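Undergrad: The structure that follows is given in the form of structure tokens.
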Protein chains: 2
Amino acid sequence: MHIPLDRHSVIPLYLQIEETLRCAILDGSLKEGDKLPSTRMLAAELAVSRLTVENAYGELAAKGFLQARRGSGAYVCHPYAPPAPPAAEQTALFPVDPFTTGASRLDGQADSPLPPDVINFAAGVGNPRIFPQEAFRKVMHSVLRRHAEEAFHYGDYCGYYPLRDTLARILSLQGIPARPEQILITNGSQQALSLVSHTLLRPGDTVLVEEPTYAEALTLFELQGVRTVPIPCDADGLCVDALPALLAAHRPALIYTIPNFHNPTGRCLSEPRRRQLVKLAEAAGVTLLEDDFVGDLRYQGAALPSLRSLAAGGGVIYVGTFSKMLMPSIRIGYLVADAALYPRLAQRKHLDSFTTSSLLQRSLDAFVTVGSYQRQLQRACRLYRQLRDVAADALARHLPPGCRVELPEGGLFLWVQLPPDIPVSRLMPLAWQQNVTFARGACFYRNNPQAEFTLRLNFSAQTPERTVIGIERLARAMTLCRAQTAERATLINPE
Amino acid sequence: MHIPLDRHSVIPLYLQIEETLRCAILDGSLKEGDKLPSTRMLAAELAVSRLTVENAYGELAAKGFLQARRGSGAYVCHPYAPPAPPAAEQTALFPVDPFTTGASRLDGQADSPLPPDVINFAAGVGNPRIFPQEAFRKVMHSVLRRHAEEAFHYGDYCGYYPLRDTLARILSLQGIPARPEQILITNGSQQALSLVSHTLLRPGDTVLVEEPTYAEALTLFELQGVRTVPIPCDADGLCVDALPALLAAHRPALIYTIPNFHNPTGRCLSEPRRRQLVKLAEAAGVTLLEDDFVGDLRYQGAALPSLRSLAAGGGVIYVGTFSKMLMPSIRIGYLVADAALYPRLAQRKHLDSFTTSSLLQRSLDAFVTVGSYQRQLQRACRLYRQLRDVAADALARHLPPGCRVELPEGGLFLWVQLPPDIPVSRLMPLAWQQNVTFARGACFYRNNPQAEFTLRLNFSAQTPERTVIGIERLARAMTLCRAQTAERATLINPE
Ligand SMILES: Cc1ncc(COP(=O)(O)O)c(C=O)c1O
Ligand SMILES: Cc1ncc(COP(=O)(O)O)c(C=O)c1O
């Protein structure tokens with residue numbers, strides 16, 4: 001079996017090895033009970049240290065894909081029934097997309113199809129079942145009928161003007177003053193983050209980020225050689241009291257924050273903290289990058305003012321997306337920036353990939369303008385609110401004592417804090433065995449022992465019934481994990 | 001009038017000023033005969049040097065937008081009837097998209113709509129009238145019917161697997177060995193170039209490029225702080241004989257080349273040179289970036305082997321796109337790379353903007369698979385071949401003596417070399433006055449006096465009738481330009 005290694009990657013070698021082996025297990029090329037090469041042998045073959053291979057095996061074991069039998073070596077485990085064997089041409093020299101997951105920091109299965117038995121709370125998007133397929137098909141159809149010629153052109157580099165105009169109106173209604181000329185349409189908000197990062201930051205610069213935070217933002221900064229420094233957070237969002245010292249010590253070039261229904265914690269930054277944050281950033285002359293990825297998905301409570309609306313001086317770049325509120329593959333996000341930064345961001349957008357598909361932009365604009373977007377949002381909020389409540393209720397009834405769950409006022413995610421006897425790395429394989437999965441907290445931290453006692457649940461993605469069953473399974477895995485811990489303790493300290 | 005300046009931009013200040021003023025003239029906010037502020041006043045207002053404003057005015061004058069009256073100042077000229085006045089909300093604090101054109105290096109009108117009187121030979125794309133709107137609408141419709149749920153998902157980060165598989169087959173048929181796992185789908189080939197540039201190059205690195213070459217590649221490299229060093233070119237493409245010295249002197253990290261129907265010259269790199277280029281690059285351990293943006297649009301002669309097919313060692317990254325052969329706004333391009341580079345490129349793609357719209361990818365795959373792409377290509381080749389011949393014939397009949405035109409075997413562009421008495425900067429305003437425009441050679445050069453005597457004509461974009469009329473107009477402008485030169489000469493050296 002060939003294990004490709006990229007020695008220049010920011011992904012550690014042990015994770016690359018882990019990934020390749022896990023894919024091979026998942027696609028059936030490594031089978032239940034297969035013996036893996038010894039760490040010594042594999043290390044020699046790959047020209048890496050033995051520790052690297054040991055770490056890879058450790059990671060696989062943590063996820064439940066490998067069992068070490070004392071004195072005999074490491075054996076493949078299937079945490080669940082393997083999917084159908086892949087077509088012949090897919091068993092290529094290296095597995096299809098091993099990097100997907102390394103890059104995404106998630107556990108390789110977040111957004112990819114899982115066997116139907118597995119209840120997946122790990123995804124980062126809303127419920128595909130309510131994507132407005134029919135309505136969107138209709139607008140697209142009519143755009144193609146009426147504007148095919150223009151819709152197939154490159155179009156305006158900054159984005160389809162009527163769409164920017166529509167967005168400007170919507171944002172202004174929400175108290176975020178924006179003119180179409182300040183709006184840049186991007187290929188999803190990930191591109192907006194990337195444009196900001198590449199335009200404003202150089203290698204060696206520092207960005208202050210919430211801890212935990214959005215995994216792909218962390219990796220984006222790291223890949224560019226930018227240092228990320230964590231801001232401590234609590235239930236009201238990032239602790240602004242910690243900021244003055246951080247600003248003084250690190251002189252950051254940027255503060256990246258997700259003030260609404262944070263990924264992964266679901267928390268909102270409180271209004272007083274918003275005001276203070278803007279004031280501190282302005283005083284320090286630091287640009288704020290406000291990532292509002294699910295801002296419109298609010299199920300209760302009053303909307304909070306955006307940072308951009310609070311900043312008189314225009315030191316805030318606001319980023320939004322239709323991926324979560326509508327559907328991901330439309331790949332339309334946007335940023336709002338002032339004249340001082342906009343031209344540089346627009347130029348970089350242009351050189352990065354030219355325009356965003358004008359066909360999709362025109363369709364989205366038609367969809368928003370005729371009110372379908374508003375209706376879709378209402379549907380989504382109704383459903384997700386129900387799912388949040390179902391999940392919260394099931395969690396309250398089933399989770400073993402000692403777990404802490406916060407109820408978010410909107411968004412997609414529930415954040416669970418685990419007690420010391422349920423470490424997530426031991427919970428994970430047990431959860432897989434119960435046919436349920438989630439996102440490990442570790443994906444969202446740089447390097448913090450706390451991560452071992454946190455996990456993120458996407459409560460929006462299943463039916464209510466499956467949500468309850470999934471949480472029951474999770475609770476069972478937790479109880480098993482706790483029992484294991486107790487058993488170990490007894491082994492170590494027999495009474 | 002507010003003129004925004006970005007002092008960090010790679011676009012020189014004088015061009016930013018020129019751009020804003022030109023937009024104001026084009027959108028009617030500055031009118032025929034309006035007097036511009038004196039260079040001294042404007043320089044003071046903008047806090048720039050007077051020379052900067054003088055350069056901006058010079059540039060405007062060169063394009064025919066300004067007339068200097070001795071002792072009285074600078075006055076606005078309209079090279080053609082101004083378009084309808086813009087809607088109120090578009091007269092914003094700064095004009096809509098002034099940067100579009102600065103970034104594109106083109107003359108601000110290349111891909112944007114012009115008044116219908118103007119015959120536009122400046123565009124970079126094929127003929128919108130033959131974009132297969134109806135056929136594409138149909139596949140899209142059926143994809144939305146049958147696969148809406150999956151089509152609206154993020155999908156695979158490296159690209160929709162069946163599309164990669166289809167591409168691998170097509171490329172292999174063309175003698176370019178490729179497996180789906182080596183193909184990365186990108187948001188147009190511009191993103192492929194950008195991914196390669198950001199993955200392989202650091203500021204201060206050197207890239208060897210043809211001179212002239214694709215404008216946006218030059219700007220992309222420059223923006224990243226990468227030095228571009230020109231390779232001299234002739235009718236057979238880049239002069240490989242010059243390479244050993246350039247490789248030794250500059251130790252480049254990359255060679256960027258467009259071997260087929262080059263942009264802007266339309267030339268092909270000859271087969272012996274291809275072999276030699278690959279050999280030299282391999283010997284020097286330099287990666288080749290092969291941009292094959294219109295490779296399939298061949299109207300005569302035998303296909304030449306791609307560089308990637310000639311390189312045994314995999315040191316070539318091959319880049320393709322559907323923008324020119326199909327239509328631009330589908331925004332799908334791709335690159336082919338080996339395992340040594342692929343994971344890093346894929347990771348960067350992921351962090352740059354996640355996936356490329358799976359809806360568009362699935363539609364494209366359906367379009368290609370059912371044979372519609374092949375039919376579209378045949379239609380395009382038939383039409384473009386005819387248009388090329390019409391253009392070549394009209395050029396031969398009408399251009400004044402001393403112009404040199406090369407007949408390309410495919411692609412979109414004709415390259416015209418002008419005699420010394422027809423400098424392009426004086427031809428341009430005369431051409432505007434005749435209601436015809438083209439891309440100035442200067443867009444494709446870094447800094448070379450030769451540029452002043454070259455221009456690019458896109459022969460594919462008009463009807464045959466308009467092509468002939470456009471060339472007649474161009475010829476008239478040339479004759480006028482020549483007469484002007486002669487007149488000046490007489491004024492300076494009266495006989
Ligand atoms: C916090 C946050 N920001 C931005 C994004 C980027 O999403 P997209 O590029 O689809 O807009 C995501 C996606 O998961 C996210 O969670
Ligand atoms: C030589 C060349 N390469 C690449 C591109 C990028 O086009 P796209 O991103 O639409 O594939 C162009 C577009 O003009 C081009 O001329």
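Here, A, B, ... name the chains of the structure tokens in the order displayed, residue numbers run from 1 inside each chain, and ligands are numbered from 1 in the same displayed order.
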Give the residue list for ligand 1 at 6 Å, counting only C-alpha atoms and all ligand atoms, as an MDAnalysis selection string, sorted by chain and then by residue number.
TA: (chainID A and resid 124 188:190 214 263 291 293 321 323 328 331 333) or (chainID B and resid 353)
Undergrad: Would you list the contacts of stretch 204-208 of chain B as a PyMOL selection string, taking every protein, DNA or RNA residue within 6 Å and counting only C-alpha atoms, but skipping same-chain residues closer than 5 positions in sequence?
TA: chain B and resi 226-230+252-255
Undergrad: Nearest to chain B: which of A:Asp393, A:Glu32, A:Glu18, A:Asp165 is it, counting only C-alpha atoms?
TA: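 Using only C-alpha atoms, chain B sits closest to A:Asp165.
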Undergrad: Which chain A residues are at most 7 Å from chain B (counting only C-alpha atoms), as a PyMOL selection string?
TA: chain A and resi 6+9+96-97+99-100+103+128+133+137+144+148-149+151-154+157-158+181+187-188+190-191+194+216+220+327-331+340+343-344+347+351-354+357-359
Undergrad: Between B:Gly73, B:Gly175, B:Gly301, B:Gly266, which residue has the minimum interatomic distance to ligand 2, considering only C-alpha atoms and all ligand atoms?
TA: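 Distance minimum relative to ligand 2 lands on B:Gly266.
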Undergrad: Got a sec: who's within 8 Å of stretch 270-282 of chain A, counting only C-alpha atoms, leaving out chain neighbours fewer than 2 positions off, as a list in words?
TA: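 In the requested format, the answer is Asp236, Gly237, Cys239, Val240, Leu243, Pro244, Cys268, Ala284, Gly285, Val286, Thr287, Leu288, Leu304, Pro305, Ser306, Leu307, Leu310, Ala311, Gly313 and Gly315 of chain A.
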Undergrad: What parts of stretch 170-363 of chain A does DSSP call helix (DSSP H, G or I)? I'd like the answer as a ChimeraX atom specification.
TA: /A:170-173,180-182,188-200,215-223,240-250,271-284,307-310,328-330,342-353,358-363
Undergrad: For stretch 46-50 of chain B, work out the shell of residues within 12 Å, counting only C-alpha atoms and skipping chain neighbours fewer than 6 positions away, then give it as a PyMOL selection string.
TA: chain B and resi 1-7+12-14+16-17+37-40+56-57
Undergrad: Calculate how many Å separate atom CA of B:Asp365 from atom CA of B:Leu163, rounding to one decimal.
TA: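 These atoms are spaced 5.1 Å apart.
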Undergrad: Among the residues of stretch 148-299 of chain B, find those DSSP assigns to strand (DSSP E) from the backbone and print them as a PyMOL selection string.
TA: chain B and resi 183-186+206-210+227-231+233-234+237-238+254-257+287-291
